[in-house]
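Shown here: run.txt, compact mmCIF, C-alpha atoms.
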# COMPACT_ATOMS: atom_id res chain seq x y z
CA MET B 212 3.61 34.01 3.99
CA SER B 213 3.77 32.82 0.38
CA PRO B 214 3.43 29.09 -0.41
CA ALA B 215 7.07 28.96 -1.51
CA THR B 216 8.25 30.55 1.74
CA ALA B 217 6.03 28.26 3.80
CA ALA B 218 7.39 25.19 2.01
CA ALA B 219 10.96 26.31 2.71
CA THR B 220 10.27 26.53 6.46
CA ASP B 221 8.13 23.39 6.80
CA PRO B 222 9.66 20.37 8.56
CA ALA B 223 9.61 18.51 5.23
CA ALA B 224 12.23 20.93 3.90
CA ARG B 225 14.76 19.20 6.17
CA PHE B 226 14.34 16.02 4.12
CA ILE B 227 16.53 17.69 1.44
CA GLY B 228 20.12 18.71 2.02
CA PRO B 229 22.83 17.80 4.55
CA GLY B 230 21.67 15.44 7.27
CA ALA B 231 18.41 14.68 5.45
CA TRP B 232 18.99 10.94 5.84
CA ARG B 233 18.67 11.23 9.62
CA HIS B 234 15.24 12.79 9.36
CA GLY B 235 14.20 10.37 6.64
CA LEU B 236 15.28 7.37 8.67
CA GLY B 237 13.66 8.69 11.85
CA TYR B 238 10.26 9.11 10.25
CA GLY B 239 10.40 6.38 7.63
CA LEU B 240 11.78 3.44 9.62
CA LEU B 241 8.33 2.45 10.89
CA GLY B 242 7.33 1.86 7.28
CA LEU B 243 9.68 -1.15 7.26
CA PRO B 244 7.80 -3.33 9.80
CA LEU B 245 4.39 -2.12 8.61
CA ALA B 246 5.15 -3.34 5.09
CA PHE B 247 6.89 -6.37 6.57
CA VAL B 248 3.59 -7.49 8.09
CA ALA B 249 1.55 -6.46 5.04
CA LEU B 250 3.11 -9.14 2.83
CA PRO B 251 2.17 -12.06 5.12
CA LEU B 252 -1.29 -10.57 5.65
CA TYR B 253 -2.18 -9.88 2.03
CA VAL B 254 -0.03 -12.20 -0.09
CA ILE B 255 1.17 -15.19 1.94
CA LEU B 256 -1.93 -15.70 4.09
CA PRO B 257 -4.40 -16.77 1.31
CA ASN B 258 -1.88 -19.19 -0.17
CA HIS B 259 -0.91 -20.45 3.31
CA TYR B 260 -4.49 -21.27 4.31
CA ALA B 261 -5.33 -22.83 0.94
CA ARG B 262 -2.31 -25.13 0.80
CA GLU B 263 -1.47 -25.75 4.47
CA PHE B 264 -5.00 -26.16 5.86
CA GLY B 265 -6.91 -27.02 2.66
CA ALA B 266 -9.26 -24.04 2.92
CA PRO B 267 -11.62 -23.83 -0.11
CA LEU B 268 -10.87 -20.79 -2.29
CA ALA B 269 -14.47 -19.57 -2.41
CA ALA B 270 -14.94 -19.76 1.37
CA LEU B 271 -11.50 -18.29 2.02
CA GLY B 272 -12.20 -15.41 -0.34
CA ALA B 273 -15.48 -14.69 1.45
CA VAL B 274 -13.75 -14.64 4.85
CA LEU B 275 -10.99 -12.35 3.58
CA LEU B 276 -13.57 -10.05 2.01
CA GLY B 277 -15.62 -9.83 5.19
CA ALA B 278 -12.66 -9.18 7.49
CA ARG B 279 -11.18 -6.54 5.22
CA LEU B 280 -14.51 -4.79 4.73
CA ILE B 281 -15.03 -4.58 8.49
CA ASP B 282 -11.56 -3.12 8.85
CA ALA B 283 -12.05 -0.75 5.94
CA VAL B 284 -15.32 0.61 7.35
CA LEU B 285 -13.52 1.51 10.57
CA ASP B 286 -10.72 3.44 8.82
CA PRO B 287 -12.57 6.78 8.43
CA TRP B 288 -13.46 6.67 12.14
CA ILE B 289 -9.83 5.83 12.96
CA GLY B 290 -8.74 8.83 10.90
CA ARG B 291 -11.03 11.23 12.78
CA TRP B 292 -9.86 9.75 16.07
CA CYS B 293 -6.24 10.36 15.05
CA ASP B 294 -7.07 14.01 14.32
CA ARG B 295 -8.41 14.34 17.87
CA LEU B 296 -5.23 12.74 19.22
CA PHE B 297 -3.10 15.18 17.20
CA ALA B 298 -5.17 18.04 18.64
CA ARG B 299 -4.21 16.85 22.12
CA SER B 300 -0.50 16.20 21.52
CA THR B 301 1.89 14.20 19.43
CA ARG B 302 2.61 12.09 22.51
CA ALA B 303 -1.03 10.96 22.55
CA VAL B 304 -0.66 9.83 18.94
CA LEU B 305 2.50 7.88 19.70
CA SER B 306 0.97 6.22 22.77
CA ALA B 307 -2.11 5.04 20.89
CA ALA B 308 0.06 3.71 18.07
CA ALA B 309 2.23 1.80 20.55
CA VAL B 310 -0.78 -0.04 21.99
CA ALA B 311 -2.03 -0.87 18.50
CA ALA B 312 1.41 -2.17 17.56
CA VAL B 313 1.33 -4.74 20.39
CA VAL B 314 -2.09 -5.96 19.23
CA LEU B 315 -0.79 -6.15 15.66
CA ALA B 316 2.16 -8.38 16.58
CA LEU B 317 -0.01 -10.75 18.60
CA GLY B 318 -2.64 -10.89 15.88
CA LEU B 319 -0.12 -11.84 13.18
CA TRP B 320 1.09 -14.75 15.31
CA GLY B 321 -2.48 -15.95 15.90
CA LEU B 322 -3.29 -15.81 12.19
CA LEU B 323 -0.31 -17.78 10.98
CA PHE B 324 -0.37 -20.26 13.87
CA PRO B 325 -3.99 -21.08 14.78
CA PRO B 326 -4.31 -22.94 18.10
CA PRO B 327 -4.48 -26.74 17.80
CA ALA B 328 -7.99 -26.72 19.25
CA VAL B 329 -9.16 -24.47 16.44
CA ARG B 330 -7.49 -26.56 13.74
CA SER B 331 -8.98 -29.78 15.08
CA ALA B 332 -12.49 -28.31 15.34
CA GLY B 333 -13.01 -28.33 11.59
CA MET B 334 -12.89 -25.96 8.64
CA ALA B 335 -15.76 -23.76 9.84
CA ALA B 336 -14.00 -23.10 13.15
CA LEU B 337 -10.70 -22.43 11.40
CA LEU B 338 -12.24 -19.92 9.00
CA GLY B 339 -14.17 -18.28 11.84
CA TRP B 340 -10.96 -17.89 13.84
CA ALA B 341 -9.18 -16.47 10.78
CA GLY B 342 -11.96 -13.96 10.14
CA ALA B 343 -12.14 -12.72 13.74
CA VAL B 344 -8.38 -12.45 14.25
CA MET B 345 -7.95 -10.82 10.83
CA ALA B 346 -10.50 -8.13 11.68
CA VAL B 347 -8.68 -7.26 14.93
CA THR B 348 -5.24 -7.42 13.32
CA TYR B 349 -6.23 -5.29 10.34
CA THR B 350 -7.77 -2.69 12.67
CA ALA B 351 -4.58 -2.45 14.73
CA PHE B 352 -2.59 -2.15 11.51
CA SER B 353 -4.86 0.70 10.39
CA VAL B 354 -4.40 2.66 13.62
CA VAL B 355 -0.62 2.61 13.29
CA SER B 356 -0.48 3.23 9.53
CA VAL B 357 -3.10 6.02 9.42
CA ALA B 358 -1.42 7.86 12.30
CA HIS B 359 1.98 7.45 10.63
CA GLN B 360 0.77 8.70 7.24
CA ALA B 361 -1.06 11.65 8.78
CA TRP B 362 2.12 12.56 10.68
CA GLY B 363 4.07 12.67 7.41
CA ALA B 364 1.41 14.76 5.67
CA ARG B 365 1.53 17.28 8.52
CA LEU B 366 5.22 17.88 7.77
CA GLY B 367 4.10 19.98 4.76
CA GLY B 368 6.55 21.00 2.04
CA SER B 369 6.63 21.42 -1.73
CA GLU B 370 5.92 18.61 -4.22
CA ALA B 371 9.59 17.60 -4.29
CA GLN B 372 9.84 17.70 -0.48
CA ARG B 373 6.62 15.74 0.04
CA SER B 374 7.74 13.12 -2.44
CA ARG B 375 10.94 12.64 -0.43
CA VAL B 376 9.04 12.27 2.83
CA VAL B 377 6.85 9.58 1.30
CA ALA B 378 9.79 8.01 -0.55
CA TRP B 379 11.65 7.47 2.74
CA ARG B 380 8.62 5.80 4.26
CA GLU B 381 7.81 3.66 1.23
CA GLY B 382 11.44 2.94 0.35
CA LEU B 383 12.06 1.50 3.81
CA ALA B 384 8.72 -0.26 3.51
CA LEU B 385 10.06 -2.07 0.47
CA VAL B 386 13.06 -3.19 2.49
CA GLY B 387 10.57 -4.67 4.93
CA VAL B 388 8.73 -6.41 2.11
CA LEU B 389 12.01 -7.87 0.87
CA LEU B 390 12.69 -9.30 4.31
CA ALA B 391 9.17 -10.67 4.52
CA ALA B 392 9.54 -12.25 1.08
CA VAL B 393 12.78 -14.02 2.00
CA LEU B 394 12.42 -14.95 5.67
CA PRO B 395 9.38 -17.29 5.50
CA GLY B 396 11.07 -19.50 2.91
CA THR B 397 14.46 -19.50 4.60
CA LEU B 398 13.89 -19.28 8.38
CA GLY B 399 10.20 -20.16 8.62
CA LEU B 400 7.09 -18.27 9.65
CA GLY B 401 7.97 -18.34 13.36
CA ALA B 402 11.22 -16.45 12.83
CA THR B 403 9.40 -14.08 10.51
CA VAL B 404 6.90 -13.06 13.19
CA SER B 405 9.67 -12.66 15.79
CA ALA B 406 11.70 -10.46 13.46
CA PHE B 407 8.60 -8.38 12.78
CA ALA B 408 8.05 -7.72 16.48
CA VAL B 409 11.64 -6.51 16.95
CA LEU B 410 11.50 -4.26 13.88
CA LEU B 411 8.15 -2.83 14.96
CA ALA B 412 9.65 -1.81 18.31
CA LEU B 413 12.64 -0.18 16.60
CA GLY B 414 10.43 1.67 14.13
CA GLY B 415 8.21 3.02 16.89
CA TRP B 416 11.25 4.19 18.85
CA ALA B 417 12.68 6.04 15.81
CA TRP B 418 9.29 7.61 15.05
CA SER B 419 9.04 8.97 18.61
CA ARG B 420 12.31 10.86 18.02
CA SER B 421 11.59 12.12 14.50
CA LEU B 422 10.65 15.62 13.30
CA VAL B 423 7.46 16.89 14.93
CA PRO B 424 4.75 18.31 12.62
CA THR B 425 3.83 21.96 12.73
CA ALA B 426 0.45 23.40 11.86
CA PRO B 427 0.84 26.85 10.27
CA ALA B 428 -2.17 28.78 9.13
CA VAL B 429 -2.61 28.08 5.41
CA VAL B 430 -4.91 29.99 3.10
CA PRO B 431 -6.61 27.66 0.58
CA LEU B 432 -5.22 28.10 -2.92
CA SER B 433 -8.28 26.56 -4.56
CA GLY B 434 -11.76 27.99 -4.71
CA GLU B 435 -13.22 25.10 -2.74
CA VAL B 436 -14.49 25.77 0.77
CA PRO B 437 -13.34 23.27 3.42
CA ALA B 438 -16.16 20.88 4.28
CA VAL B 439 -16.91 18.75 7.32
CA SER B 440 -16.21 15.52 5.46
CA PRO B 441 -13.45 14.85 2.91
CA LEU B 442 -16.11 13.13 0.80
CA ARG B 443 -17.65 16.56 0.18
CA GLN B 444 -14.47 17.79 -1.49
CA PRO B 445 -14.69 17.24 -5.29
CA ALA B 446 -10.93 17.37 -5.72
CA PHE B 447 -10.45 14.62 -3.14
CA LEU B 448 -13.12 12.44 -4.72
CA ARG B 449 -11.42 12.73 -8.11
CA LEU B 450 -8.06 11.69 -6.69
CA LEU B 451 -9.68 8.91 -4.65
CA ALA B 452 -11.34 7.46 -7.76
CA VAL B 453 -7.97 7.18 -9.49
CA PHE B 454 -6.44 5.63 -6.39
CA VAL B 455 -9.15 2.96 -6.17
CA LEU B 456 -8.89 1.94 -9.81
CA ASN B 457 -5.11 1.81 -9.73
CA GLY B 458 -4.99 0.06 -6.36
CA THR B 459 -7.37 -2.67 -7.48
CA ALA B 460 -5.23 -3.20 -10.57
CA SER B 461 -2.19 -3.73 -8.34
CA ALA B 462 -3.97 -5.84 -5.71
CA VAL B 463 -5.21 -8.51 -8.14
CA PRO B 464 -1.74 -9.74 -9.23
CA ALA B 465 -0.45 -9.39 -5.66
CA THR B 466 -3.13 -11.85 -4.54
CA LEU B 467 -2.55 -14.29 -7.42
CA VAL B 468 1.21 -14.13 -7.95
CA LEU B 469 2.07 -17.33 -6.08
CA PHE B 470 -0.62 -19.26 -7.95
CA PHE B 471 0.77 -17.95 -11.26
CA VAL B 472 4.33 -18.89 -10.35
CA GLN B 473 3.44 -22.35 -9.08
CA ASP B 474 0.94 -23.43 -11.71
CA ARG B 475 1.44 -21.32 -14.84
CA LEU B 476 5.24 -21.13 -14.75
CA GLN B 477 5.63 -24.34 -12.71
CA ALA B 478 8.74 -22.78 -11.20
CA PRO B 479 10.69 -24.56 -8.45
CA PRO B 480 9.66 -23.46 -4.95
CA ALA B 481 13.21 -22.22 -4.33
CA LEU B 482 12.66 -19.47 -6.93
CA GLU B 483 9.59 -17.97 -5.28
CA PRO B 484 11.58 -15.79 -2.85
CA ALA B 485 13.76 -14.64 -5.77
CA PHE B 486 10.73 -13.46 -7.74
CA LEU B 487 9.30 -11.52 -4.82
CA ALA B 488 12.69 -10.14 -3.80
CA THR B 489 13.42 -8.93 -7.36
CA TYR B 490 10.04 -7.22 -7.56
CA PHE B 491 10.36 -5.30 -4.30
CA LEU B 492 14.09 -4.62 -4.61
CA CYS B 493 13.60 -2.94 -7.98
CA ALA B 494 10.70 -0.93 -6.52
CA ALA B 495 12.99 0.30 -3.73
CA LEU B 496 15.83 1.13 -6.12
CA SER B 497 13.43 3.03 -8.38
CA MET B 498 12.50 5.56 -5.68
CA PRO B 499 15.35 8.02 -6.37
CA LEU B 500 14.59 7.87 -10.10
CA TRP B 501 10.91 8.69 -9.65
CA VAL B 502 11.66 11.44 -7.10
CA ARG B 503 14.01 13.09 -9.60
CA LEU B 504 11.39 12.80 -12.32
CA VAL B 505 8.82 14.48 -10.06
CA ALA B 506 10.95 17.64 -10.12
CA ARG B 507 10.59 17.70 -13.92
CA LEU B 508 7.14 16.31 -14.65
CA GLY B 509 5.24 16.78 -11.40
CA LEU B 510 3.64 14.13 -9.22
CA ALA B 511 0.62 13.29 -11.39
CA ARG B 512 2.46 12.94 -14.70
CA THR B 513 5.16 10.82 -13.12
CA TRP B 514 2.49 8.53 -11.69
CA LEU B 515 0.93 8.26 -15.16
CA ALA B 516 4.30 7.20 -16.60
CA GLY B 517 4.52 4.41 -14.01
CA MET B 518 1.04 3.17 -14.95
CA GLY B 519 2.04 2.97 -18.62
CA LEU B 520 5.13 0.95 -17.79
CA SER B 521 3.08 -1.48 -15.69
CA VAL B 522 0.61 -2.12 -18.52
CA ALA B 523 3.40 -2.86 -21.00
CA VAL B 524 5.04 -5.31 -18.60
CA PHE B 525 1.89 -7.29 -17.79
CA ILE B 526 0.99 -7.59 -21.47
CA TRP B 527 4.33 -9.34 -21.90
CA ALA B 528 3.71 -11.50 -18.81
CA ALA B 529 0.54 -12.86 -20.43
CA THR B 530 2.69 -14.57 -23.10
CA LEU B 531 4.79 -16.55 -20.59
CA GLY B 532 4.40 -20.25 -19.94
CA VAL B 533 6.01 -23.26 -18.33
CA GLY B 534 9.71 -22.77 -17.62
CA ASP B 535 9.86 -19.04 -18.48
CA THR B 536 11.46 -18.23 -15.15
CA THR B 537 14.19 -15.93 -16.49
CA ALA B 538 11.66 -13.89 -18.42
CA PHE B 539 9.46 -13.68 -15.34
CA LEU B 540 12.39 -12.39 -13.30
CA ILE B 541 12.62 -9.54 -15.84
CA VAL B 542 8.86 -9.03 -15.53
CA CYS B 543 9.27 -8.80 -11.75
CA ALA B 544 12.08 -6.25 -12.14
CA LEU B 545 10.18 -4.00 -14.55
CA SER B 546 6.85 -4.22 -12.73
CA GLY B 547 8.73 -3.46 -9.51
CA LEU B 548 10.12 -0.36 -11.17
CA ALA B 549 6.57 0.72 -11.98
CA LEU B 550 5.45 -0.07 -8.44
CA GLY B 551 7.68 2.72 -7.16
CA THR B 552 5.25 5.33 -8.47
CA ASP B 553 2.24 3.63 -6.87
CA LEU B 554 3.95 3.70 -3.49
CA ALA B 555 5.64 7.11 -3.42
CA LEU B 556 3.39 9.46 -5.37
CA PRO B 557 -0.34 9.08 -4.52
CA SER B 558 0.13 9.91 -0.82
CA ALA B 559 2.28 12.91 -1.75
CA LEU B 560 -0.50 14.10 -4.07
CA LEU B 561 -3.00 13.78 -1.24
CA ALA B 562 -0.77 15.68 1.19
CA GLY B 563 -0.51 18.54 -1.29
CA LEU B 564 -4.27 18.54 -1.84
CA ILE B 565 -4.90 18.81 1.91
CA GLY B 566 -2.64 21.85 2.01
CA ARG B 567 -4.33 23.49 -0.99
CA LEU B 568 -7.70 23.03 0.68
CA GLY B 569 -6.42 24.86 3.77
CA GLN B 570 -6.78 21.86 6.07
CA ARG B 571 -3.18 21.02 6.83
CA GLY B 572 -2.62 20.41 10.52
CA GLN B 573 -6.35 19.90 11.06
CA ARG B 574 -7.83 16.99 9.13
CA GLU B 575 -5.02 14.80 7.78
CA GLY B 576 -6.33 11.87 9.78
CA ALA B 577 -9.79 12.18 8.25
CA TYR B 578 -8.38 12.24 4.73
CA PHE B 579 -5.95 9.39 5.28
CA GLY B 580 -8.69 7.40 7.03
CA TRP B 581 -10.73 7.44 3.83
CA TRP B 582 -7.52 6.85 1.87
CA SER B 583 -6.81 3.75 3.94
CA PHE B 584 -10.43 2.68 3.49
CA ALA B 585 -9.94 2.81 -0.27
CA ALA B 586 -6.70 0.82 -0.04
CA LYS B 587 -8.43 -1.87 2.02
CA LEU B 588 -11.34 -1.90 -0.42
CA ASN B 589 -8.88 -2.60 -3.24
CA LEU B 590 -7.45 -5.59 -1.39
CA ALA B 591 -10.88 -6.82 -0.38
CA LEU B 592 -12.11 -6.70 -3.96
CA ALA B 593 -8.99 -8.48 -5.18
CA ALA B 594 -9.29 -11.36 -2.71
CA GLY B 595 -13.07 -11.44 -2.37
CA LEU B 596 -13.81 -11.33 -6.08
CA ALA B 597 -10.75 -12.74 -7.88
CA LEU B 598 -10.47 -15.95 -5.82
CA PRO B 599 -14.16 -16.96 -6.04
CA LEU B 600 -14.16 -16.01 -9.75
CA LEU B 601 -11.21 -18.29 -10.38
CA ALA B 602 -12.96 -21.11 -8.54
CA TRP B 603 -16.18 -20.52 -10.48
CA LEU B 604 -14.31 -20.62 -13.80
CA GLY B 605 -12.73 -23.95 -12.91
CA TYR B 606 -9.31 -23.08 -11.48
CA THR B 607 -8.10 -24.69 -8.27
CA PRO B 608 -4.57 -24.54 -6.79
CA GLY B 609 -2.49 -27.17 -8.57
CA ALA B 610 -4.75 -27.36 -11.65
CA ARG B 611 -2.72 -27.26 -14.87
CA THR B 612 -5.24 -27.96 -17.58
CA PRO B 613 -5.15 -25.51 -20.52
CA GLU B 614 -8.52 -24.06 -19.51
CA ALA B 615 -7.49 -23.52 -15.90
CA LEU B 616 -4.18 -21.91 -16.85
CA HIS B 617 -5.88 -19.68 -19.40
CA THR B 618 -8.27 -18.47 -16.71
CA LEU B 619 -5.38 -17.84 -14.32
CA THR B 620 -3.47 -15.84 -16.96
CA LEU B 621 -6.48 -13.68 -17.72
CA ALA B 622 -6.96 -12.92 -14.03
CA TYR B 623 -3.29 -12.31 -13.26
CA CYS B 624 -2.22 -10.40 -16.40
CA VAL B 625 -5.10 -9.11 -18.51
CA LEU B 626 -7.51 -7.89 -15.83
CA PRO B 627 -4.85 -5.68 -14.15
CA CYS B 628 -3.99 -4.14 -17.54
CA VAL B 629 -7.61 -3.19 -18.14
CA LEU B 630 -7.88 -1.63 -14.70
CA LYS B 631 -4.55 0.21 -15.09
CA LEU B 632 -5.69 1.71 -18.39
CA LEU B 633 -8.90 2.90 -16.75
CA ALA B 634 -6.88 4.37 -13.88
CA GLY B 635 -4.51 6.16 -16.28
CA GLY B 636 -7.42 7.65 -18.21
CA ALA B 637 -9.05 8.79 -14.97
CA LEU B 638 -5.79 10.31 -13.74
CA TYR B 639 -5.42 12.38 -16.88
CA ARG B 640 -9.07 13.36 -17.09
CA LEU B 641 -9.80 14.01 -13.41
CA VAL B 642 -6.48 15.25 -12.03
CA ILE B 643 -4.03 16.37 -14.72
CA ARG B 644 -6.54 18.22 -16.92
CA PRO B 645 -8.04 20.21 -13.99
CA GLU B 646 -4.49 21.13 -12.90
CA GLN B 647 -3.71 22.30 -16.43
CA ARG B 648 -6.78 24.53 -16.48
CA ALA B 649 -6.04 25.94 -13.05
CA ALA B 650 -2.30 26.53 -13.49
CA PRO B 651 -0.66 25.33 -16.72
CA LEU B 652 2.86 24.00 -16.23
CA PRO B 653 5.67 25.71 -18.13
CA ALA B 654 7.21 23.83 -21.02
CA LEU B 655 10.14 21.65 -19.99

Serialized structure, structure tokens:
Amino acid sequence: MSPATAAATDPAARFIGPGAWRHGLGYGLLGLPLAFVALPLYVILPNHYAREFGAPLAALGAVLLGARLIDAVLDPWIGRWCDRLFARSTRAVLSAAAVAAVVLALGLWGLLFPPPAVRSAGMAALLGWAGAVMAVTYTAFSVVSVAHQAWGARLGGSEAQRSRVVAWREGLALVGVLLAAVLPGTLGLGATVSAFAVLLALGGWAWSRSLVPTAPAVVPLSGEVPAVSPLRQPAFLRLLAVFVLNGTASAVPATLVLFFVQDRLQAPPALEPAFLATYFLCAALSMPLWVRLVARLGLARTWLAGMGLSVAVFIWAATLGVGDTTAFLIVCALSGLALGTDLALPSALLAGLIGRLGQRGQREGAYFGWWSFAAKLNLALAAGLALPLLAWLGYTPGARTPEALHTLTLAYCVLPCVLKLLAGGALYRLVIRPEQRAAPLPAL
């Protein structure tokens, strides 16, 4: 069977055409609560502990780094375990994910609402509680997300079809992020956690009734021989390097955005949900645009275009100051547009690579386990390095001296631009150029 014929018969082919929305919603709905919980875990939590409980930035950054590194180290093992579950049955995968989802919901509640006994025992006890509960919560999150991503990769399909599979998952994820950005400031953190639990149950139910992956025999299109570990695949290592650079560039401003808004812009607290909502809404609305562009430019070149847009936007953000709230809303809109490529395209590139290596239906969990490890490493580096660095250079939450604000601007705007440029260069050098040598694209 030719690759084109196989793509036409893969489950992913049903994500295009009449009734495609049903399949997209069935598979992608779980992305909504998973992203819903990701915002409190990775963006709100550091700010919440620093301002609500007075946690020192350096100590908080160390705790976040340790918890995320523990979680990240487990991800490759989780990926291999998911492959064994897939080998048994899809029902085994769904059952394991359901148990992890319960742990995830309970862990989020424990993180945001530490018991009174822990809070009264002192800062060391509070940070110890946060570190332990974070490690468990992150691990449960990884089990659900790695299994869900591997399921989508096993649906196969062409570049355009894979991009739609991922776009459904990530587009609905952005809806979840929007809800998570608005609910804490309007209904409170308690209502936010309750809403998350309900959405997680709905997403799991829809996933259990979605398209089931198939595992056809695929002959590798590349000259590389499948290896025991994904880390022995040069093509995967090249793509992973780009993903790490780009992910770190995105994680730094995600960690520091509330500090930038509150101290650099000195914006009213009522505007904070508007900034976050604009950012993620524009990312969600950009998905159809990027998916259409994939059909013309391909996945890698479209991702490169998104990186270029992000750099231009953050260069402009570095010029903003007190009261520039309207301009920052535009920054949020444009950077959200660029975010669409970071969310929809890298995973689709990885799914295609797994197929070209002849390992579709066999080792998606292993690959996405390392992929998740890299994503967690990005977030760990952002929190574990950026926050202590800011503290070392003299910035503390609420500080508004010229030196402190200059340091904050460099960390929030300039550092991500440098990392994005490195990621773009690596993408062209390590991914696009090898593709050109292997199979040059026709002129558009």

Next item on the list: Might you pull out every residue within 12 Å of B:Thr536, with all atoms listed in the file counted and same-chain residues fewer than 4 positions away left off, and present them as a list in words?
Entry: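 My list of contacting residues is Phe471, Val472, Gln473, Arg475, Leu476, Gln477, Ala478, Pro479, Pro480, Ala481, Leu482, Glu483, Ala485, Phe486, Ala528, Leu531, Gly532, Leu540, Ile541, Val542 and Cys543 of chain B.
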
Notebook entry, point to check: Between B:Cys493, B:Ala597, B:Ala402, B:Ala622, which one has atoms that come closest to B:Leu276, using all atoms listed in the file?
Noted result: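 For B:Leu276, the nearest of the given residues is B:Ala597.
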
Compile a residue-level contact table for stretch 594-641 of chain B against stretch 455-466 of chain B at a cut-off of 12 Å, reporting for every qualifying residue the shortest atom pair and its distance in Å to one decimal, with only C-alpha atoms counted, rows ordered by chain and ascending number, as a Markdown table.
| residue | atom | partner | partner_atom | distance |
| --- | --- | --- | --- | --- |
| B:Ala594 | CA | B:Thr466 | CA | 6.4 |
| B:Gly595 | CA | B:Val463 | CA | 10.2 |
| B:Leu596 | CA | B:Val463 | CA | 9.3 |
| B:Ala597 | CA | B:Val463 | CA | 7.0 |
| B:Leu598 | CA | B:Thr466 | CA | 8.5 |
| B:Leu600 | CA | B:Val463 | CA | 11.8 |
| B:Leu601 | CA | B:Val463 | CA | 11.7 |
| B:Leu619 | CA | B:Pro464 | CA | 10.2 |
| B:Thr620 | CA | B:Pro464 | CA | 10.0 |
| B:Leu621 | CA | B:Pro464 | CA | 10.5 |
| B:Ala622 | CA | B:Val463 | CA | 7.6 |
| B:Tyr623 | CA | B:Pro464 | CA | 5.0 |
| B:Cys624 | CA | B:Pro464 | CA | 7.2 |
| B:Val625 | CA | B:Pro464 | CA | 9.9 |
| B:Leu626 | CA | B:Ala460 | CA | 7.4 |
| B:Pro627 | CA | B:Ala460 | CA | 4.4 |
| B:Cys628 | CA | B:Ala460 | CA | 7.1 |
| B:Val629 | CA | B:Ala460 | CA | 7.9 |
| B:Leu630 | CA | B:Ala460 | CA | 5.2 |
| B:Lys631 | CA | B:Asn457 | CA | 5.6 |
| B:Leu632 | CA | B:Asn457 | CA | 8.7 |
| B:Leu633 | CA | B:Leu456 | CA | 7.0 |
| B:Ala634 | CA | B:Leu456 | CA | 5.1 |
| B:Gly635 | CA | B:Asn457 | CA | 7.9 |
| B:Gly636 | CA | B:Leu456 | CA | 10.3 |
| B:Ala637 | CA | B:Leu456 | CA | 8.6 |
| B:Leu638 | CA | B:Asn457 | CA | 9.4 |

Go ahead and write the residues just picked, C-alpha atoms, as a PDB file, in the coordinates of the input.
ATOM      1  CA  ALA B 594      -9.290 -11.360  -2.710  1.00  0.00           C
ATOM      2  CA  GLY B 595     -13.070 -11.440  -2.370  1.00  0.00           C
ATOM      3  CA  LEU B 596     -13.810 -11.330  -6.080  1.00  0.00           C
ATOM      4  CA  ALA B 597     -10.750 -12.740  -7.880  1.00  0.00           C
ATOM      5  CA  LEU B 598     -10.470 -15.950  -5.820  1.00  0.00           C
ATOM      6  CA  LEU B 600     -14.160 -16.010  -9.750  1.00  0.00           C
ATOM      7  CA  LEU B 601     -11.210 -18.290 -10.380  1.00  0.00           C
ATOM      8  CA  LEU B 619      -5.380 -17.840 -14.320  1.00  0.00           C
ATOM      9  CA  THR B 620      -3.470 -15.840 -16.960  1.00  0.00           C
ATOM     10  CA  LEU B 621      -6.480 -13.680 -17.720  1.00  0.00           C
ATOM     11  CA  ALA B 622      -6.960 -12.920 -14.030  1.00  0.00           C
ATOM     12  CA  TYR B 623      -3.290 -12.310 -13.260  1.00  0.00           C
ATOM     13  CA  CYS B 624      -2.220 -10.400 -16.400  1.00  0.00           C
ATOM     14  CA  VAL B 625      -5.100  -9.110 -18.510  1.00  0.00           C
ATOM     15  CA  LEU B 626      -7.510  -7.890 -15.830  1.00  0.00           C
ATOM     16  CA  PRO B 627      -4.850  -5.680 -14.150  1.00  0.00           C
ATOM     17  CA  CYS B 628      -3.990  -4.140 -17.540  1.00  0.00           C
ATOM     18  CA  VAL B 629      -7.610  -3.190 -18.140  1.00  0.00           C
ATOM     19  CA  LEU B 630      -7.880  -1.630 -14.700  1.00  0.00           C
ATOM     20  CA  LYS B 631      -4.550   0.210 -15.090  1.00  0.00           C
ATOM     21  CA  LEU B 632      -5.690   1.710 -18.390  1.00  0.00           C
ATOM     22  CA  LEU B 633      -8.900   2.900 -16.750  1.00  0.00           C
ATOM     23  CA  ALA B 634      -6.880   4.370 -13.880  1.00  0.00           C
ATOM     24  CA  GLY B 635      -4.510   6.160 -16.280  1.00  0.00           C
ATOM     25  CA  GLY B 636      -7.420   7.650 -18.210  1.00  0.00           C
ATOM     26  CA  ALA B 637      -9.050   8.790 -14.970  1.00  0.00           C
ATOM     27  CA  LEU B 638      -5.790  10.310 -13.740  1.00  0.00           C
TER      28      LEU B 638
END

Check: Between B:Ser546, B:Thr489, B:Thr612, B:Thr537, which one has atoms that come closest to B:Val386, using all atoms listed in the file?
Finding: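 Ranking B:Ser546, B:Thr489, B:Thr612, B:Thr537 by distance to B:Val386, first place goes to B:Thr489.
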
Margin query: Just the number, please: distance in Å from atom CA of B:Phe407 to atom CA of B:Pro257, one decimal.
Written below: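 One can read the atom CA of B:Phe407 to atom CA of B:Pro257 distance as 19.3 Å.
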
Next item on the list: Considering only C-alpha atoms, state which residue in the set B:Phe491, B:Phe226, B:Trp320, B:Tyr639 is at the smallest distance from B:Ala392.
Entry: B:Phe491

For stretch 313-319 of chain B, what centre and edge lengths in Å (one decimal) does the axis-aligned box get once 8 Å is added on each side of all its listed atoms, as lines of an AutoDock Vina configuration file?
center_x = -0.2
center_y = -8.3
center_z = 16.8
size_x = 20.8
size_y = 23.1
size_z = 23.2
